[in-house]
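Just my_file.cif here, mmCIF, C-alpha atoms:
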data_model
loop_
_atom_site.label_atom_id
_atom_site.label_comp_id
_atom_site.auth_asym_id
_atom_site.auth_seq_id
_atom_site.Cartn_x
_atom_site.Cartn_y
_atom_site.Cartn_z
CA MET A 1 146.71 15.26 -345.71
CA LYS A 2 145.03 13.24 -348.43
CA ASP A 3 146.47 10.61 -350.72
CA LYS A 4 146.13 10.49 -354.50
CA ASN A 5 142.67 8.92 -354.11
CA HIS A 6 141.59 11.77 -351.82
CA ILE A 7 141.51 9.49 -348.78
CA THR A 8 142.54 11.18 -345.54
CA MET A 9 145.74 9.77 -344.10
CA GLU A 10 146.59 9.47 -340.40
CA ASP A 11 146.86 12.88 -338.73
CA ILE A 12 149.72 13.40 -336.28
CA SER A 13 149.64 17.21 -336.27
CA ALA A 14 148.01 17.40 -332.83
CA PHE A 15 150.83 15.49 -331.13
CA PRO A 16 154.25 16.72 -330.02
CA ILE A 17 156.92 15.06 -332.17
CA GLU A 18 160.45 14.09 -331.14
CA ARG A 19 163.47 12.89 -333.06
CA SER A 20 166.66 11.08 -332.12
CA THR A 21 169.71 9.60 -333.77
CA ASN A 22 170.27 6.99 -331.07
CA HIS A 23 166.99 6.31 -329.18
CA ILE A 24 168.59 7.84 -326.05
CA ASN A 25 168.60 11.60 -326.58
CA TRP A 26 165.29 12.84 -327.95
CA GLU A 27 164.67 16.43 -329.06
CA GLU A 28 161.34 18.07 -329.77
CA ILE A 29 160.67 19.12 -333.32
CA ALA A 30 157.67 21.10 -334.52
CA TYR A 31 155.18 19.19 -336.68
CA GLN A 32 155.28 22.00 -339.24
CA GLU A 33 159.04 21.54 -339.59
CA VAL A 34 158.63 17.77 -340.01
CA LYS A 35 155.90 18.33 -342.58
CA GLU A 36 157.80 20.91 -344.64
CA GLN A 37 161.29 19.42 -344.50
CA ILE A 38 160.61 15.68 -344.41
CA LEU A 39 157.09 14.56 -345.22
CA GLU A 40 156.53 16.66 -348.35
CA GLY A 41 159.38 14.91 -350.16
CA LEU A 42 158.32 11.33 -349.39
CA GLU A 43 156.63 9.02 -351.84
CA GLU A 44 153.02 8.34 -350.89
CA GLU A 45 153.44 4.77 -349.62
CA LYS A 46 156.39 5.70 -347.39
CA LEU A 47 154.45 8.71 -346.09
CA LYS A 48 151.45 6.52 -345.21
CA CYS A 49 153.73 4.06 -343.44
CA PHE A 50 155.48 6.85 -341.51
CA LEU A 51 152.18 8.34 -340.34
CA ARG A 52 150.72 4.96 -339.40
CA VAL A 53 153.78 3.83 -337.42
CA VAL A 54 154.30 7.13 -335.59
CA ARG A 55 150.57 7.38 -334.81
CA SER A 56 150.71 3.91 -333.26
CA GLY A 57 153.38 5.12 -330.81
CA SER A 58 156.39 3.44 -332.38
CA PRO A 59 159.48 5.24 -333.69
CA PHE A 60 160.08 5.41 -337.45
CA LYS A 61 163.49 5.96 -339.03
CA LEU A 62 163.92 8.38 -341.91
CA SER A 63 167.45 9.27 -343.01
CA ASP A 64 169.54 9.83 -339.89
CA TYR A 65 166.69 10.26 -337.39
CA PHE A 66 164.06 8.23 -335.61
CA TYR A 67 160.74 10.08 -335.18
CA ARG A 68 158.04 9.42 -332.61
CA ILE A 69 155.19 11.03 -330.72
CA LYS A 70 156.55 12.44 -327.47
CA CYS A 71 155.97 10.08 -324.54
#

Structure rendered as C-alpha coordinates:
Amino acid sequence: MKDKNHITMEDISAFPIERSTNHINWEEIAYQEVKEQILEGLEEEKLKCFLRVVRSGSPFKLSDYFYRIKC
(Lines of atoms letter the chains of each structure in order from A and count residues from 1; the text may use other names and numbers.)
(Lines give C-alpha, C1' and ligand atoms only; values in the text may rest on other atoms or scores of the structure.)
Protein backbone atom coordinates (compact mmCIF):
# COMPACT_ATOMS: atom_id res chain seq x y z
CA MET A 1 0.00 0.00 0.00
CA LYS A 2 1.09 3.55 -0.66
CA ASP A 3 0.20 6.73 1.17
CA LYS A 4 -1.08 9.95 -0.39
CA ASN A 5 2.50 10.91 -1.27
CA HIS A 6 3.01 7.58 -3.04
CA ILE A 7 5.41 6.35 -0.35
CA THR A 8 5.20 2.63 0.34
CA MET A 9 3.96 1.84 3.83
CA GLU A 10 5.00 -1.13 5.96
CA ASP A 11 3.93 -4.43 4.40
CA ILE A 12 2.49 -7.08 6.73
CA SER A 13 0.81 -9.19 4.04
CA ALA A 14 3.46 -11.94 4.22
CA PHE A 15 2.85 -12.60 7.92
CA PRO A 16 0.08 -14.61 9.58
CA ILE A 17 -2.16 -12.23 11.55
CA GLU A 18 -4.03 -12.96 14.77
CA ARG A 19 -6.66 -11.08 16.72
CA SER A 20 -7.92 -11.22 20.29
CA THR A 21 -10.33 -9.40 22.56
CA ASN A 22 -8.42 -10.24 25.73
CA HIS A 23 -4.75 -11.02 24.92
CA ILE A 24 -5.37 -14.63 26.03
CA ASN A 25 -7.33 -16.29 23.23
CA TRP A 26 -5.90 -15.47 19.82
CA GLU A 27 -7.52 -16.48 16.53
CA GLU A 28 -5.97 -16.41 13.09
CA ILE A 29 -7.43 -14.00 10.59
CA ALA A 30 -6.50 -13.75 6.92
CA TYR A 31 -4.60 -10.63 5.91
CA GLN A 32 -7.05 -10.10 3.04
CA GLU A 33 -9.92 -10.00 5.53
CA VAL A 34 -8.05 -7.50 7.73
CA LYS A 35 -7.27 -5.38 4.69
CA GLU A 36 -10.80 -5.35 3.28
CA GLN A 37 -12.78 -5.05 6.51
CA ILE A 38 -10.50 -2.95 8.72
CA LEU A 39 -7.58 -1.25 7.03
CA GLU A 40 -9.43 0.22 4.04
CA GLY A 41 -11.62 2.34 6.31
CA LEU A 42 -8.83 3.82 8.43
CA GLU A 43 -7.48 7.33 8.07
CA GLU A 44 -3.95 7.35 6.69
CA GLU A 45 -2.11 8.25 9.91
CA LYS A 46 -3.89 5.55 11.91
CA LEU A 47 -3.20 3.04 9.14
CA LYS A 48 0.51 3.89 9.15
CA CYS A 49 0.61 3.53 12.93
CA PHE A 50 -1.22 0.19 12.80
CA LEU A 51 1.17 -1.22 10.19
CA ARG A 52 4.26 0.06 11.99
CA VAL A 53 3.22 -1.29 15.41
CA VAL A 54 2.08 -4.69 14.13
CA ARG A 55 5.21 -5.04 11.97
CA SER A 56 7.35 -4.40 15.06
CA GLY A 57 5.74 -7.40 16.79
CA SER A 58 3.50 -5.53 19.19
CA PRO A 59 -0.30 -5.82 19.34
CA PHE A 60 -2.43 -2.90 18.16
CA LYS A 61 -6.02 -2.31 19.26
CA LEU A 62 -8.68 -1.35 16.76
CA SER A 63 -12.32 -1.35 17.88
CA ASP A 64 -12.89 -4.49 19.97
CA TYR A 65 -9.80 -6.44 18.87
CA PHE A 66 -6.06 -6.46 19.34
CA TYR A 67 -4.13 -7.44 16.19
CA ARG A 68 -0.63 -8.86 15.97
CA ILE A 69 1.65 -10.98 13.83
CA LYS A 70 1.33 -14.60 14.93
CA CYS A 71 4.10 -15.62 17.32

Considering all atoms listed in the file, return as a ChimeraX atom specification whatever protein or nucleic-acid residues lie within 12 Å of Lys4 in chain A, sequence-local ones (same chain, fewer than 6 positions apart) excluded. /A:43-45,47-48

Report the distance between CA of Asp64 in chain A and CA of Gly41 in chain A in Å, rounded to one decimal place. 15.3 Å

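With distances taken over all atoms listed in the file, A:Tyr65 is the one residue among A:Ile12, A:Leu51, A:Ile38, A:Tyr65 lying closest to Ile24 in chain A.
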
Which residues are near Val34 in chain A? Cut-off 10 Å, all atoms listed in the file, ignore same chain within fewer than 6 positions. Put them as a ChimeraX atom specification. /A:13,17-19,40,67

Which residues are close to Ser58 in chain A, i.e. within 12 Å by only C-alpha atoms, leaving aside same-chain residues fewer than 2 positions away? Reply as a PyMOL selection string. chain A and resi 17-19+23+49-56+60-61+66-71

Size and centre in Å, one decimal, axis-aligned box, all listed range 28-41 of chain A atoms plus 8 Å per side, as AutoDock Vina command-line options:
--center_x 158.3 --center_y 18.3 --center_z -340.0 --size_x 22.2 --size_y 23.4 --size_z 36.4

Might you pull out every residue within 12 Å of Ser63 in chain A, with all atoms listed in the file counted and same-chain residues fewer than 5 positions away left off, and present them as JSON, numbers by chain? {"A": [19, 20, 21, 37, 38, 39, 42]}

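One finds CA of Glu27 in chain A at 22.8 Å from CA of Lys46 in chain A.
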
Starting from the block above, write range 5-29 of chain A out to a file with N, CA and C atoms, as a short mmCIF file (atom, residue, chain, number, x, y, z; two decimals), in the first residue's frame, please.
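Below you can see result37.cif, which holds the result:
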data_model
loop_
_atom_site.label_atom_id
_atom_site.label_comp_id
_atom_site.auth_asym_id
_atom_site.auth_seq_id
_atom_site.Cartn_x
_atom_site.Cartn_y
_atom_site.Cartn_z
N ASN A 5 1.30 10.41 -0.61
CA ASN A 5 2.50 10.91 -1.27
C ASN A 5 3.20 9.83 -2.09
N HIS A 6 2.52 8.72 -2.27
CA HIS A 6 3.01 7.58 -3.04
C HIS A 6 4.23 6.92 -2.40
N ILE A 7 4.33 7.01 -1.08
CA ILE A 7 5.41 6.35 -0.35
C ILE A 7 4.87 5.02 0.15
N THR A 8 5.63 3.96 -0.07
CA THR A 8 5.20 2.63 0.34
C THR A 8 5.20 2.52 1.85
N MET A 9 4.08 2.04 2.39
CA MET A 9 3.96 1.84 3.83
C MET A 9 4.43 0.45 4.19
N GLU A 10 4.59 0.19 5.49
CA GLU A 10 5.00 -1.13 5.96
C GLU A 10 4.11 -2.20 5.33
N ASP A 11 4.69 -3.34 4.99
CA ASP A 11 3.93 -4.43 4.40
C ASP A 11 3.86 -5.58 5.40
N ILE A 12 2.66 -5.95 5.80
CA ILE A 12 2.49 -7.08 6.73
C ILE A 12 1.79 -8.25 6.05
N SER A 13 1.58 -8.18 4.75
CA SER A 13 0.81 -9.19 4.04
C SER A 13 1.47 -10.57 4.05
N ALA A 14 2.76 -10.65 4.24
CA ALA A 14 3.46 -11.94 4.22
C ALA A 14 3.40 -12.67 5.56
N PHE A 15 2.86 -12.02 6.58
CA PHE A 15 2.85 -12.60 7.92
C PHE A 15 1.46 -13.08 8.30
N PRO A 16 1.39 -14.18 9.07
CA PRO A 16 0.08 -14.61 9.58
C PRO A 16 -0.36 -13.64 10.68
N ILE A 17 -1.61 -13.22 10.62
CA ILE A 17 -2.16 -12.23 11.55
C ILE A 17 -3.12 -12.92 12.52
N GLU A 18 -3.11 -12.46 13.76
CA GLU A 18 -4.03 -12.96 14.77
C GLU A 18 -4.77 -11.79 15.39
N ARG A 19 -5.92 -12.10 15.98
CA ARG A 19 -6.66 -11.08 16.72
C ARG A 19 -7.21 -11.67 18.01
N SER A 20 -7.44 -10.79 18.98
CA SER A 20 -7.92 -11.22 20.29
C SER A 20 -8.67 -10.07 20.95
N THR A 21 -9.62 -10.43 21.79
CA THR A 21 -10.33 -9.40 22.56
C THR A 21 -9.72 -9.25 23.94
N ASN A 22 -8.89 -10.23 24.35
CA ASN A 22 -8.42 -10.24 25.73
C ASN A 22 -6.94 -10.57 25.91
N HIS A 23 -6.18 -10.67 24.87
CA HIS A 23 -4.75 -11.02 24.92
C HIS A 23 -4.51 -12.46 25.38
N ILE A 24 -5.54 -13.25 25.59
CA ILE A 24 -5.37 -14.63 26.03
C ILE A 24 -5.71 -15.59 24.89
N ASN A 25 -6.87 -15.42 24.31
CA ASN A 25 -7.33 -16.29 23.23
C ASN A 25 -7.15 -15.58 21.90
N TRP A 26 -6.19 -16.06 21.12
CA TRP A 26 -5.90 -15.47 19.82
C TRP A 26 -6.45 -16.36 18.73
N GLU A 27 -7.01 -15.74 17.68
CA GLU A 27 -7.52 -16.48 16.53
C GLU A 27 -6.86 -15.94 15.27
N GLU A 28 -6.57 -16.85 14.35
CA GLU A 28 -5.97 -16.41 13.09
C GLU A 28 -7.02 -15.71 12.25
N ILE A 29 -6.57 -14.72 11.53
CA ILE A 29 -7.43 -14.00 10.59
C ILE A 29 -6.60 -13.74 9.33
#
